[in-house]
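Following: one structure in structure tokens, then a few remarks.
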Amino acid sequence: MTIPRREFLGIAGATGLLAATGNPLSAEAPERPLTNGERHPAPVSATWDMGWVDKVNGKQRAIFDSPGVSDGAALFRAVMWMNQHKEVYGTPRTDMSAVVVFRHEGIVLAMKSEYWKTYKVGKEMKMKDEKGKDVVKNPIEGPTDGAESKSPYNIPGFIAAGGIVLACNLAFGGLVAEVRQKEKLTREQADAKVRALLIPGVQLMPSGVFAALRAQEAGCNYIIGS
């Protein structure tokens, strides 16, 4: 389920959506000393949770950028990179920090399969399963029955293994705007509905570009993952 960028910006600007989807908090975050070679000062607002930056502390660091869907290839490549680094150099998992950023069309990978089924993501993206039918499940969502993921090749398992998953708030806002328009909801209703379908553990950042650049400032090497 996608919305043209120009149309989305028009909807967002007219409704104040861009300012409304960041889960703002009223209190300001206290300043803290710079860590891990940060080149920016500590956040001055608690609107965005930047605690993930401190978790980028491995000797080997990489950010896998996912502006497209590609069946979740960015996450697969992040795990592959860690496995191969261990194979070649014997690098322990604790010495590697991997960040995956979902942005632009890739934002749907941050959403639960319930969203994919309800809003026909597979049909929109022309994604077919092995039987030639429209895909109705997010390929990297992981278990949907409440079971703990045992595999790093899905979002919950990847996060449990120390990975970091970020998502673009601008692209997320596009989903909210489309749901609002389609279902005739208020901005608050649409935001709450779509936010409830975000996979737990995925952190929204002001934009995917911000997230990708901030990860690089924290020492991550960049690679396009999709």
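Letters for chains follow the order of the structure tokens (A, B, ...), residue numbers begin at 1 for each chain, and ligand numbers begin at 1 in the order shown.
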Report task. Using DSSP on the backbone, list every residue of range 115-207 of chain A that comes out as strand (DSSP E), and give them as a VMD selection string. Result -> chain A and resid 164 to 168 203 to 205
Please save C-alpha atoms of the selected residues as a compact mmCIF listing (two decimals), in the first residue's frame.
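Generated file (selection.txt):
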# COMPACT_ATOMS: atom_id res chain seq x y z
CA ILE A 164 18.91 -2.51 15.42
CA VAL A 165 15.89 -1.83 13.20
CA LEU A 166 14.89 1.73 12.34
CA ALA A 167 12.09 3.06 10.14
CA CYS A 168 11.33 6.32 8.37
CA GLN A 203 12.02 2.40 16.12
CA LEU A 204 10.70 5.33 14.11
CA MET A 205 13.23 8.04 13.26
Query - Nearest residue to Asn154 in chain A from the set A:Val53, A:Met96, A:Ala110, A:Leu170 (distances using only C-alpha atoms) - result: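 Among A:Val53, A:Met96, A:Ala110, A:Leu170, it is A:Ala110 that comes nearest to Asn154 in chain A.
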Requested in this report: Do a neighbour search on Tyr153 in chain A at 12 Å with only C-alpha atoms, toss out local chain neighbours closer than 3 positions, and write the hits as number ranges by chain.
Outcome: A: 71-80, 82-83, 139-143, 149-150, 156-161, 163
Report task. From range 34-220 of chain A, collect each residue whose DSSP state is helix (DSSP H, G or I) and return the set as a ChimeraX atom specification. Result -> /A:52-55,70-89,93-95,104-110,113-118,121-125,155-160,169-183,187-195,208-217
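One distance worth recording is that between CA of Asp95 in chain A and CA of Asp54 in chain A, which is 13.8 Å.
Between Leu197 in chain A and the candidates A:Val108, A:Ala147, A:Val121, A:Met127, the tightest atom-to-atom separation, counting only C-alpha atoms, involves A:Val108.
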Report task. Could you give me, as a PyMOL selection string, the residues within 9 Å of Val194 in chain A, counting only C-alpha atoms and dropping anything in the same chain fewer than 4 positions from it? Result -> chain A and resi 111+115+172+175-176+179+189-190+198
Report summary line: From CA of Gly201 in chain A to CA of Gly106 in chain A the spacing works out at 16.4 Å
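Interatomic distance, CA of Ile155 in chain A to CA of Val100 in chain A: 9.7 Å.
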Query raised in the report: Taking only C-alpha atoms into account, which of A:Arg180, A:Gly90, A:Gly68, A:Val101 comes nearest Arg214 in chain A?
Result: A:Val101
Report task. Find the residues around Ala215 in chain A up to 10 Å (only C-alpha atoms counted), leave out those fewer than 3 positions away in its own chain, and share them as a list in words. Result -> Trp52, Val53, Val56, Arg61, Ala62, Ile63, Phe64, Ala98, Val99, Val100, Val101, Val209, Phe210, Ala211, Ala212, Ala218, Gly219, Cys220, Asn221 and Tyr222 of chain A
Write a file of the selected residues as an mmCIF file, in the first residue's frame, keeping N, CA, C and O atoms.
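Saved the output as result_21.cif:
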data_model
loop_
_atom_site.group_PDB
_atom_site.id
_atom_site.type_symbol
_atom_site.label_atom_id
_atom_site.label_comp_id
_atom_site.auth_asym_id
_atom_site.auth_seq_id
_atom_site.Cartn_x
_atom_site.Cartn_y
_atom_site.Cartn_z
ATOM 1 N N TRP A 52 19.454 3.939 20.726
ATOM 2 C CA TRP A 52 20.052 2.912 19.854
ATOM 3 C C TRP A 52 21.480 3.268 19.454
ATOM 4 O O TRP A 52 22.294 2.376 19.199
ATOM 5 N N VAL A 53 21.799 4.567 19.427
ATOM 6 C CA VAL A 53 23.145 4.977 19.014
ATOM 7 C C VAL A 53 24.201 4.377 19.939
ATOM 8 O O VAL A 53 25.262 3.933 19.493
ATOM 9 N N VAL A 56 25.390 0.885 19.126
ATOM 10 C CA VAL A 56 26.281 0.690 17.975
ATOM 11 C C VAL A 56 27.708 0.775 18.512
ATOM 12 O O VAL A 56 28.373 1.807 18.436
ATOM 13 N N ARG A 61 30.965 -2.378 12.237
ATOM 14 C CA ARG A 61 29.659 -1.723 12.241
ATOM 15 C C ARG A 61 29.179 -1.498 10.808
ATOM 16 O O ARG A 61 29.961 -1.080 9.956
ATOM 17 N N ALA A 62 27.901 -1.753 10.572
ATOM 18 C CA ALA A 62 27.369 -1.562 9.218
ATOM 19 C C ALA A 62 25.898 -1.186 9.268
ATOM 20 O O ALA A 62 25.161 -1.620 10.166
ATOM 21 N N ILE A 63 25.494 -0.361 8.297
ATOM 22 C CA ILE A 63 24.087 0.003 8.167
ATOM 23 C C ILE A 63 23.598 -0.464 6.811
ATOM 24 O O ILE A 63 24.245 -0.245 5.795
ATOM 25 N N PHE A 64 22.470 -1.179 6.812
ATOM 26 C CA PHE A 64 21.885 -1.754 5.606
ATOM 27 C C PHE A 64 20.616 -0.962 5.287
ATOM 28 O O PHE A 64 19.617 -1.064 5.998
ATOM 29 N N ALA A 98 24.943 -4.248 13.660
ATOM 30 C CA ALA A 98 24.242 -4.143 12.381
ATOM 31 C C ALA A 98 22.964 -3.333 12.556
ATOM 32 O O ALA A 98 22.167 -3.589 13.462
ATOM 33 N N VAL A 99 22.794 -2.353 11.687
ATOM 34 C CA VAL A 99 21.606 -1.490 11.698
ATOM 35 C C VAL A 99 20.883 -1.646 10.370
ATOM 36 O O VAL A 99 21.505 -1.566 9.305
ATOM 37 N N VAL A 100 19.582 -1.876 10.416
ATOM 38 C CA VAL A 100 18.760 -1.944 9.203
ATOM 39 C C VAL A 100 17.784 -0.773 9.234
ATOM 40 O O VAL A 100 17.142 -0.518 10.257
ATOM 41 N N VAL A 101 17.697 -0.058 8.114
ATOM 42 C CA VAL A 101 16.788 1.087 8.022
ATOM 43 C C VAL A 101 15.767 0.844 6.917
ATOM 44 O O VAL A 101 16.128 0.650 5.761
ATOM 45 N N VAL A 209 16.554 8.902 5.881
ATOM 46 C CA VAL A 209 17.838 9.552 5.576
ATOM 47 C C VAL A 209 18.546 9.929 6.875
ATOM 48 O O VAL A 209 19.745 9.691 7.043
ATOM 49 N N PHE A 210 17.788 10.507 7.813
ATOM 50 C CA PHE A 210 18.367 10.852 9.116
ATOM 51 C C PHE A 210 18.945 9.615 9.783
ATOM 52 O O PHE A 210 20.069 9.627 10.301
ATOM 53 N N ALA A 211 18.173 8.532 9.789
ATOM 54 C CA ALA A 211 18.597 7.302 10.457
ATOM 55 C C ALA A 211 19.870 6.743 9.827
ATOM 56 O O ALA A 211 20.811 6.350 10.528
ATOM 57 N N ALA A 212 19.905 6.693 8.492
ATOM 58 C CA ALA A 212 21.061 6.129 7.794
ATOM 59 C C ALA A 212 22.313 6.968 8.029
ATOM 60 O O ALA A 212 23.402 6.428 8.264
ATOM 61 N N ALA A 218 27.829 7.184 13.675
ATOM 62 C CA ALA A 218 28.178 6.323 14.810
ATOM 63 C C ALA A 218 29.210 5.274 14.409
ATOM 64 O O ALA A 218 29.533 4.398 15.210
ATOM 65 N N GLY A 219 29.717 5.378 13.192
ATOM 66 C CA GLY A 219 30.807 4.491 12.764
ATOM 67 C C GLY A 219 30.422 3.362 11.835
ATOM 68 O O GLY A 219 31.261 2.511 11.517
ATOM 69 N N CYS A 220 29.158 3.318 11.388
ATOM 70 C CA CYS A 220 28.720 2.235 10.498
ATOM 71 C C CYS A 220 29.143 2.476 9.056
ATOM 72 O O CYS A 220 29.032 3.591 8.540
ATOM 73 N N ASN A 221 29.619 1.426 8.411
ATOM 74 C CA ASN A 221 29.821 1.458 6.968
ATOM 75 C C ASN A 221 28.465 1.304 6.301
ATOM 76 O O ASN A 221 27.619 0.552 6.776
ATOM 77 N N TYR A 222 28.260 2.006 5.185
ATOM 78 C CA TYR A 222 26.958 2.015 4.524
ATOM 79 C C TYR A 222 26.930 1.050 3.344
ATOM 80 O O TYR A 222 27.902 0.951 2.577
#
**Report entry** Which residue of A:Pro43, A:Gly208, A:Pro200, A:Gly122 approaches Val69 in chain A most closely, using only C-alpha atoms
**Finding:**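 So, comparing all the options, the nearest one is A:Gly122.
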Requested in this report: For Asn138 in chain A, please output as a PyMOL selection string all residues within 7 Å (counting only C-alpha atoms; exclusion window: fewer than 4 positions along the same chain).
Outcome: chain A and resi 109+112-113+116
